[in-house]
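File shown here: protein-v4.cif, holding mmCIF, C-alpha atoms and all ligand atoms.
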```cif
data_data
loop_
_atom_site.label_atom_id
_atom_site.label_comp_id
_atom_site.auth_asym_id
_atom_site.auth_seq_id
_atom_site.Cartn_x
_atom_site.Cartn_y
_atom_site.Cartn_z
CA MET H 702 151.23 92.58 160.73
CA SER H 703 152.30 89.05 159.91
CA PHE H 704 148.77 87.61 160.05
CA GLU H 705 147.48 89.81 157.21
CA VAL H 706 147.94 86.81 154.91
CA SER H 707 145.49 84.48 153.18
CA ALA H 708 143.79 81.69 155.10
CA GLU H 709 145.32 79.26 152.58
CA SER H 710 148.85 80.43 153.42
CA TYR H 711 148.14 80.09 157.15
CA ALA H 712 146.70 76.60 156.64
CA ARG H 713 149.84 75.52 154.76
CA PHE H 714 152.13 77.06 157.38
CA MET H 715 150.38 76.05 160.62
CA GLY H 716 147.33 73.94 159.78
CA LYS H 717 149.20 70.63 160.05
CA TYR H 718 149.78 71.43 163.70
CA SER H 719 146.94 73.73 164.77
CA GLU H 720 144.14 71.48 163.49
CA PRO H 721 145.16 68.40 165.55
CA LEU H 722 146.03 70.69 168.45
CA ALA H 723 142.47 72.07 168.43
CA VAL H 724 141.07 68.54 168.74
CA GLN H 725 143.02 68.06 171.99
CA PHE H 726 142.74 71.62 173.27
CA VAL H 727 138.94 71.80 173.05
CA GLU H 728 138.75 68.93 175.54
CA GLN H 729 140.15 71.33 178.18
CA ALA H 730 136.82 73.15 178.25
CA ASP H 731 134.57 70.20 179.20
CA LEU H 732 131.87 71.52 176.88
CA ARG H 733 128.33 70.21 177.02
CA ALA H 734 125.44 70.57 174.56
CA GLY H 735 123.52 73.78 175.16
CA GLN H 736 126.55 75.79 176.24
CA ARG H 737 127.93 78.89 174.50
CA ALA H 738 131.62 79.29 173.70
CA LEU H 739 133.93 82.04 172.41
CA ASP H 740 137.04 81.47 170.24
CA VAL H 741 139.49 84.34 170.88
CA GLY H 742 141.98 84.91 168.02
CA CYS H 743 140.21 82.35 165.86
CA GLY H 744 142.35 82.79 162.73
CA PRO H 745 140.78 80.89 159.83
CA GLY H 746 138.96 78.63 162.31
CA ALA H 747 140.87 75.50 163.43
CA LEU H 748 139.40 75.71 166.94
CA THR H 749 136.12 77.28 165.77
CA GLU H 750 135.45 74.09 163.81
CA GLN H 751 135.83 71.97 166.94
CA LEU H 752 133.50 74.27 168.91
CA VAL H 753 130.90 74.19 166.12
CA GLN H 754 131.03 70.38 165.98
CA ARG H 755 130.35 70.15 169.71
CA LEU H 756 127.90 73.03 170.30
CA GLY H 757 126.43 74.01 166.92
CA ALA H 758 127.28 77.20 165.02
CA ALA H 759 124.57 79.30 166.71
CA SER H 760 126.21 78.71 170.11
CA VAL H 761 129.69 79.80 169.00
CA ALA H 762 131.22 83.28 168.68
CA ALA H 763 134.72 84.17 167.52
CA VAL H 764 136.95 87.23 167.21
CA ASP H 765 140.22 87.99 165.41
CA PRO H 766 141.92 91.25 164.33
CA SER H 767 143.13 89.89 160.96
CA GLU H 768 140.69 90.93 158.22
CA PRO H 769 141.57 88.07 155.80
CA PHE H 770 141.19 85.52 158.59
CA VAL H 771 137.85 86.96 159.74
CA ALA H 772 136.61 86.94 156.12
CA ALA H 773 137.72 83.32 155.65
CA ALA H 774 136.16 82.21 158.93
CA ARG H 775 132.88 84.01 158.08
CA ALA H 776 132.75 82.22 154.74
CA ARG H 777 133.44 78.88 156.43
CA PHE H 778 131.02 79.35 159.36
CA PRO H 779 128.26 81.74 158.22
CA GLU H 780 126.16 81.11 161.34
CA VAL H 781 128.94 81.83 163.83
CA ASP H 782 128.94 85.35 165.35
CA LEU H 783 132.32 86.50 163.98
CA GLN H 784 133.74 89.90 164.81
CA SER H 785 136.93 91.76 164.00
CA ALA H 786 138.40 92.54 167.43
CA VAL H 787 141.37 92.03 169.74
CA ALA H 788 141.31 89.99 172.94
CA GLU H 789 142.23 93.04 175.00
CA ARG H 790 138.92 94.75 174.04
CA LEU H 791 136.27 92.11 173.45
CA PRO H 792 133.09 93.71 172.02
CA LEU H 793 130.93 91.33 174.05
CA PRO H 794 128.86 91.64 177.24
CA ASP H 795 129.88 90.37 180.69
CA ASP H 796 128.97 86.76 181.64
CA SER H 797 127.74 85.91 178.13
CA PHE H 798 129.58 82.58 177.59
CA ASP H 799 130.08 79.29 179.38
CA ALA H 800 133.60 79.04 177.97
CA ALA H 801 136.24 81.19 176.26
CA LEU H 802 139.25 79.61 174.56
CA ALA H 803 142.33 81.09 172.91
CA GLN H 804 144.55 78.72 170.91
CA LEU H 805 148.04 80.02 169.96
CA VAL H 806 147.09 83.66 170.57
CA VAL H 807 148.39 84.89 173.95
CA HIS H 808 151.95 85.33 172.64
CA PHE H 809 150.66 87.74 169.99
CA MET H 810 148.56 89.88 172.32
CA THR H 811 149.85 93.39 173.01
CA ASP H 812 148.82 92.94 176.66
CA ALA H 813 148.39 89.25 177.53
CA VAL H 814 147.03 89.84 181.04
CA ALA H 815 144.42 92.28 179.71
CA GLY H 816 143.37 89.73 177.07
CA LEU H 817 143.04 86.94 179.63
CA ARG H 818 141.13 89.29 181.97
CA GLU H 819 138.70 90.09 179.15
CA MET H 820 138.14 86.35 178.58
CA ALA H 821 137.22 85.99 182.26
CA ARG H 822 134.90 89.02 182.05
CA VAL H 823 132.78 87.56 179.25
CA VAL H 824 132.53 84.11 180.88
CA ARG H 825 129.83 83.54 183.51
CA PRO H 826 130.97 82.88 187.10
CA GLY H 827 132.17 79.28 187.31
CA GLY H 828 132.56 79.00 183.53
CA VAL H 829 135.80 77.84 181.88
CA MET H 830 138.66 79.69 180.20
CA ALA H 831 141.54 77.89 178.47
CA THR H 832 144.54 78.97 176.47
CA CYS H 833 147.62 77.38 174.91
CA VAL H 834 150.90 78.55 173.36
CA TRP H 835 153.62 76.50 171.64
CA ASP H 836 156.62 75.56 173.79
CA HIS H 837 158.97 77.92 171.94
CA GLY H 838 160.92 78.49 175.18
CA GLY H 839 161.74 74.79 175.61
CA GLY H 840 162.57 74.32 171.92
CA LYS H 841 159.64 71.94 171.39
CA GLY H 842 157.37 74.11 169.23
CA PRO H 843 156.75 73.45 165.53
CA LEU H 844 159.05 76.32 164.55
CA SER H 845 161.95 75.37 166.82
CA THR H 846 164.14 73.83 164.11
CA PHE H 847 163.61 76.91 161.95
CA TRP H 848 164.55 79.35 164.74
CA GLN H 849 167.57 77.26 165.79
CA ALA H 850 168.84 77.36 162.20
CA ALA H 851 168.16 81.11 161.99
CA ARG H 852 170.07 81.75 165.21
CA ASP H 853 172.98 79.54 164.12
CA LEU H 854 173.44 82.01 161.27
CA ASP H 855 172.30 85.19 163.00
CA PRO H 856 172.47 85.24 166.83
CA ASP H 857 170.21 88.30 166.79
CA ALA H 858 167.40 86.50 164.95
CA PRO H 859 164.18 87.29 166.86
CA ASP H 860 162.99 83.82 167.83
CA GLU H 861 159.68 83.44 169.68
CA ALA H 862 161.08 81.90 172.89
CA ASN H 863 160.58 85.02 175.01
CA LEU H 864 157.01 85.72 173.96
CA ALA H 865 154.22 85.61 176.56
CA GLY H 866 153.23 82.10 177.60
CA ALA H 867 155.89 80.34 175.51
CA ARG H 868 157.95 79.01 178.45
CA GLU H 869 157.04 76.57 181.21
CA GLY H 870 154.81 78.05 183.92
CA HIS H 871 154.37 81.45 182.28
CA LEU H 872 150.82 80.94 181.01
CA ALA H 873 149.73 80.04 184.55
CA GLN H 874 151.42 83.18 185.91
CA LEU H 875 149.60 85.31 183.34
CA ALA H 876 146.26 83.61 184.10
CA GLU H 877 146.74 84.22 187.82
CA ALA H 878 147.57 87.88 187.18
CA ALA H 879 144.36 88.10 185.14
CA GLY H 880 142.28 86.80 188.06
CA TRP H 881 141.52 83.28 186.77
CA HIS H 882 140.57 80.76 189.49
CA ASP H 883 141.35 77.01 189.80
CA ILE H 884 144.23 77.26 187.32
CA GLN H 885 145.37 73.90 185.95
CA PRO H 886 148.43 73.76 183.70
CA THR H 887 149.11 70.92 181.28
CA SER H 888 150.90 70.32 177.99
CA LEU H 889 149.62 69.01 174.67
CA THR H 890 151.62 67.29 171.91
CA VAL H 891 150.73 66.80 168.25
CA LYS H 892 152.56 65.22 165.31
CA ALA H 893 152.82 66.31 161.68
CA ASN H 894 154.12 64.43 158.63
CA PHE H 895 156.23 65.86 155.82
CA ALA H 896 156.69 64.10 152.48
CA SER H 897 159.81 66.08 151.58
CA PHE H 898 162.05 68.89 152.83
CA GLU H 899 160.30 71.22 150.37
CA ASP H 900 156.95 70.29 151.94
CA TRP H 901 158.38 71.56 155.26
CA TRP H 902 160.24 74.65 153.91
CA GLU H 903 157.84 76.15 151.38
CA PRO H 904 155.31 77.36 154.00
CA TYR H 905 158.04 79.50 155.58
CA THR H 906 158.22 81.49 152.34
CA LEU H 907 154.55 82.56 152.57
CA GLY H 908 155.09 85.44 155.02
CA VAL H 909 153.02 83.98 157.87
CA GLY H 910 153.74 84.98 161.48
CA PRO H 911 157.13 86.09 162.85
CA ALA H 912 158.98 83.24 161.05
CA GLY H 913 157.45 84.11 157.69
CA ALA H 914 158.19 87.80 158.28
CA TYR H 915 161.81 86.91 159.10
CA VAL H 916 162.26 84.94 155.86
CA ALA H 917 160.61 87.72 153.85
CA GLN H 918 163.19 90.32 154.87
CA LEU H 919 166.21 88.14 153.92
CA ASP H 920 167.92 88.59 150.55
CA ASP H 921 168.13 85.60 148.18
CA ASP H 922 171.58 84.47 149.38
CA GLN H 923 170.60 84.70 153.05
CA ARG H 924 167.37 82.81 152.37
CA ASN H 925 169.22 80.02 150.53
CA THR H 926 171.77 79.75 153.34
CA LEU H 927 168.99 79.48 155.93
CA ARG H 928 167.16 76.93 153.79
CA THR H 929 170.31 74.78 153.60
CA ARG H 930 170.89 75.08 157.34
CA CYS H 931 167.31 73.96 158.06
CA ALA H 932 167.74 70.96 155.72
CA GLN H 933 170.89 69.93 157.62
CA LYS H 934 168.95 69.93 160.90
CA LEU H 935 165.97 67.86 159.74
CA PRO H 936 165.74 64.08 159.30
CA ASP H 937 165.74 62.53 155.83
CA ALA H 938 162.31 62.68 154.16
CA PRO H 939 159.68 61.53 154.69
CA PHE H 940 159.71 62.53 158.35
CA GLU H 941 157.39 63.15 161.27
CA LEU H 942 157.80 66.04 163.72
CA ALA H 943 156.25 66.43 167.17
CA ALA H 944 155.24 69.82 168.58
CA SER H 945 154.23 70.61 172.16
CA ALA H 946 152.18 73.45 173.60
CA TRP H 947 151.76 74.74 177.15
CA SER H 948 148.11 74.93 178.11
CA VAL H 949 146.17 76.24 181.08
CA ARG H 950 142.56 75.96 182.11
CA GLY H 951 140.88 78.12 184.72
CA ARG H 952 137.51 79.27 185.95
CA ALA H 953 135.86 82.66 186.07
C1 LIG S 1001 148.93 81.52 165.33
S1 LIG S 1001 147.41 82.26 164.90
C2 LIG S 1001 146.24 81.17 165.72
C3 LIG S 1001 144.91 81.13 165.02
C4 LIG S 1001 143.96 80.02 165.53
N1 LIG S 1001 143.57 80.26 166.90
C5 LIG S 1001 144.58 78.65 165.37
O1 LIG S 1001 144.83 78.00 166.37
O2 LIG S 1001 144.85 78.26 164.22
C6 LIG S 1001 147.36 83.70 165.92
C7 LIG S 1001 146.09 84.49 165.74
O3 LIG S 1001 146.02 85.50 166.75
C8 LIG S 1001 145.46 86.64 166.17
N2 LIG S 1001 145.81 87.78 167.04
C9 LIG S 1001 146.92 88.53 167.04
N3 LIG S 1001 146.85 89.46 168.01
C10 LIG S 1001 145.66 89.27 168.66
C11 LIG S 1001 145.00 89.92 169.75
N4 LIG S 1001 145.56 90.94 170.38
N5 LIG S 1001 143.78 89.48 170.11
C12 LIG S 1001 143.21 88.43 169.48
N6 LIG S 1001 143.80 87.78 168.44
C13 LIG S 1001 145.00 88.20 168.04
C14 LIG S 1001 146.05 86.68 164.78
O4 LIG S 1001 145.33 87.51 163.91
C15 LIG S 1001 146.00 85.21 164.42
O5 LIG S 1001 144.78 84.87 163.81
#
```
Can you present the structure in this file as structure tokens?
Amino acid sequence: MSFEVSAESYARFMGKYSEPLAVQFVEQADLRAGQRALDVGCGPGALTEQLVQRLGAASVAAVDPSEPFVAAARARFPEVDLQSAVAERLPLPDDSFDAALAQLVVHFMTDAVAGLREMARVVRPGGVMATCVWDHGGGKGPLSTFWQAARDLDPDAPDEANLAGAREGHLAQLAEAAGWHDIQPTSLTVKANFASFEDWWEPYTLGVGPAGAYVAQLDDDQRNTLRTRCAQKLPDAPFELAASAWSVRGRA
């Protein structure tokens, strides 16, 4: 599984995007002091940090199936209730949170509707659920240049455009199928800066997520050809890239 990697590798691969995204995404939940929130698929804790800042560690719980990520998040937030679990089977009681959020997770769930239904189950009636996924379908995600280059060279490259929630309107459809009420779709955009092409490329060699797994199975010649193709598609360094995510908020 491509998230059985170190928290440091994930931070280098996705942290430049997921950390600023979490700052915007957490606002979807309208959290107030005294409330309890759950971070579903917390990874090393980009969103967990935002929840802890707003509510305090004792009012935050988080789950993720990746053992290295759970270990890293536990070390970072020792007072947060952190469990190794998937969204589709949350080991948590009904109506036990005011909010449940899942940042960049739905497209990796085995059964997205089941995962979103579980989020609604653990949130009290009237409480908030929110989720977001990069706009891989519209070519505006942080990995879009990489996947375009990969598909230029290999039309069968498995880009992430068809994953759950990664195209316009699909997250809302999934949320409706999961029984969420008052569904409100929106989109969020973040920017990341790169000092050099190598600063951009090196994280792809760390084996993180589907893109890292794709690079890892290439031979040296194929990897160098892909690297060159990516460099041709990017602006001269230093450069800034924008990345957009589809987001939905709903109520239990
Ligand atoms: C792209 S990372 C996002 C991590 C974090 N939420 C963030 O925004 O940085 C995707 C995460 O989803 C987790 N994941 C994969 N399948 C999952 C599932 N079925 N239920 C919950 N989390 C899952 C992975 O282990 C990984 O930590």
*asked:* Just want the 12 Å neighbourhood of range 748-756 of chain H, counted on only C-alpha atoms, with same-chain residues fewer than 5 positions away dropped. Output as an MDAnalysis selection string.
replied: chainID H and resid 716 718:743 761:765 771 773:775 777:783 799:806 831:833
*Which one is closest to Ser767 in chain H: H:Ala712, H:Leu872, H:Ala893, H:Val706? Count only C-alpha atoms.*
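Nearest to Ser767 in chain H: H:Val706.
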Return the padded bounding box of ligand LIG 1001 (chain S) as JSON: axis-aligned, built from all atoms listed in the file, 3 Å added on each side, with centre and edge lengths in Å to one decimal.
```
{"center_x": 146.1, "center_y": 84.5, "center_z": 167.1, "size_x": 11.7, "size_y": 18.9, "size_z": 12.6}
```
Using all atoms listed in the file, determine which residues lie at most 10 Å from Glu877 in chain H, disregarding the query and same-chain residues fewer than 6 positions distant; provide the list as a tab-separated table (two decimals) with C-alpha atoms, in the coordinates of the input.
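That gives us selection.tsv:
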```
chain	number	residue	atom	x	y	z
H	814	VAL	CA	147.03	89.84	181.04
H	817	LEU	CA	143.04	86.94	179.63
H	818	ARG	CA	141.13	89.29	181.97
H	871	HIS	CA	154.37	81.45	182.28
H	883	ASP	CA	141.35	77.01	189.80
H	884	ILE	CA	144.23	77.26	187.32
H	951	GLY	CA	140.88	78.12	184.72
```
*Pick the closest to Trp848 in chain H from H:Gly757, H:Gly908, H:Gly913, H:Pro939: which is it, counting all atoms listed in the file?*
H:Gly913
_Atomic separation - CA of Ala788 in chain H relative to CA of Glu768 in chain H, Å_ = 14.8 Å
*In Å to one decimal, how far is CA of Ala912 in chain H from atom C15 of ligand LIG 1001 (chain S)?*
13.6 Å
*asked:* Restricting the calculation to all atoms listed in the file: of H:Ala759, H:Met810, H:Ala772, H:Leu907, which residue gets closest to ligand LIG 1001 (chain S)?
replied: H:Met810
*Which of these residues is nearest to Trp881 in chain H, using only C-alpha atoms: H:Ala896, H:Ala944, H:Val824, H:Leu791?*
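Closest candidate: H:Val824.
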*Record the distance separating CA of Gln874 in chain H and CA of Trp835 in chain H, expressed in Å with one decimal.*
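Pair CA of Gln874 in chain H / CA of Trp835 in chain H returns 15.9 Å.
You can rank H:Ala865, H:Met830, H:Ala776, H:Val807 by their closest distance to ligand LIG 1001 (chain S) using all atoms listed in the file, and at the top of that list sits H:Val807.
Counting only C-alpha atoms and all ligand atoms and comparing H:Gly880, H:Pro859, H:Val909, H:Leu889, the residue that lies closest to ligand LIG 1001 (chain S) is H:Val909.
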*Which residues come within 12 Å of Leu844 in chain H, counting all atoms listed in the file, excluding same-chain residues fewer than 2 positions away, as a VMD selection string?*
chain H and resid 714 to 715 718 835 to 842 846 to 851 860 to 862 901 to 902 904 to 905 909 to 913 931 935 942 to 946
Final N, CA, C and O atoms of range 881-900 of chain H as a compact mmCIF listing (two decimals), keeping the file's coordinate frame:
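Result file part.txt:
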```txt
# COMPACT_ATOMS: atom_id res chain seq x y z
N TRP H 881 142.15 84.59 186.98
CA TRP H 881 141.52 83.28 186.77
C TRP H 881 141.60 82.48 188.07
O TRP H 881 142.56 82.61 188.83
N HIS H 882 140.59 81.64 188.31
CA HIS H 882 140.57 80.76 189.49
C HIS H 882 140.82 79.31 189.05
O HIS H 882 140.62 78.96 187.89
N ASP H 883 141.18 78.46 190.04
CA ASP H 883 141.35 77.01 189.80
C ASP H 883 142.23 76.74 188.57
O ASP H 883 141.85 75.96 187.68
N ILE H 884 143.38 77.36 188.52
CA ILE H 884 144.23 77.26 187.32
C ILE H 884 144.92 75.90 187.27
O ILE H 884 145.56 75.48 188.24
N GLN H 885 144.76 75.23 186.13
CA GLN H 885 145.37 73.90 185.95
C GLN H 885 146.23 73.90 184.70
O GLN H 885 145.71 73.96 183.59
N PRO H 886 147.56 73.82 184.87
CA PRO H 886 148.43 73.76 183.70
C PRO H 886 148.58 72.34 183.17
O PRO H 886 148.50 71.37 183.94
N THR H 887 148.80 72.22 181.89
CA THR H 887 149.11 70.92 181.28
C THR H 887 149.90 71.19 180.01
O THR H 887 150.21 72.34 179.68
N SER H 888 150.29 70.12 179.31
CA SER H 888 150.90 70.32 177.99
C SER H 888 150.26 69.36 176.99
O SER H 888 149.75 68.29 177.38
N LEU H 889 150.26 69.77 175.74
CA LEU H 889 149.62 69.01 174.67
C LEU H 889 150.66 68.77 173.58
O LEU H 889 151.46 69.68 173.29
N THR H 890 150.64 67.59 172.97
CA THR H 890 151.62 67.29 171.91
C THR H 890 150.90 66.75 170.68
O THR H 890 150.01 65.90 170.79
N VAL H 891 151.29 67.28 169.52
CA VAL H 891 150.73 66.80 168.25
C VAL H 891 151.88 66.38 167.33
O VAL H 891 153.04 66.74 167.57
N LYS H 892 151.55 65.64 166.28
CA LYS H 892 152.56 65.22 165.31
C LYS H 892 152.12 65.62 163.90
O LYS H 892 150.93 65.62 163.60
N ALA H 893 153.12 65.96 163.07
CA ALA H 893 152.82 66.31 161.68
C ALA H 893 153.78 65.57 160.77
O ALA H 893 154.95 65.36 161.13
N ASN H 894 153.30 65.19 159.59
CA ASN H 894 154.12 64.43 158.63
C ASN H 894 154.49 65.29 157.43
O ASN H 894 153.67 66.08 156.94
N PHE H 895 155.73 65.11 156.96
CA PHE H 895 156.23 65.86 155.82
C PHE H 895 156.77 64.87 154.79
O PHE H 895 157.61 64.03 155.10
N ALA H 896 156.28 65.03 153.54
CA ALA H 896 156.69 64.10 152.48
C ALA H 896 158.09 64.40 151.98
O ALA H 896 158.78 63.53 151.48
N SER H 897 158.51 65.68 152.11
CA SER H 897 159.81 66.08 151.58
C SER H 897 160.28 67.31 152.36
O SER H 897 159.50 67.96 153.06
N PHE H 898 161.57 67.65 152.20
CA PHE H 898 162.05 68.89 152.83
C PHE H 898 161.27 70.08 152.28
O PHE H 898 160.91 71.00 153.02
N GLU H 899 161.01 70.09 150.98
CA GLU H 899 160.30 71.22 150.37
C GLU H 899 158.91 71.38 150.98
O GLU H 899 158.42 72.50 151.16
N ASP H 900 158.27 70.28 151.29
CA ASP H 900 156.95 70.29 151.94
C ASP H 900 157.04 71.05 153.27
O ASP H 900 156.13 71.79 153.65
```
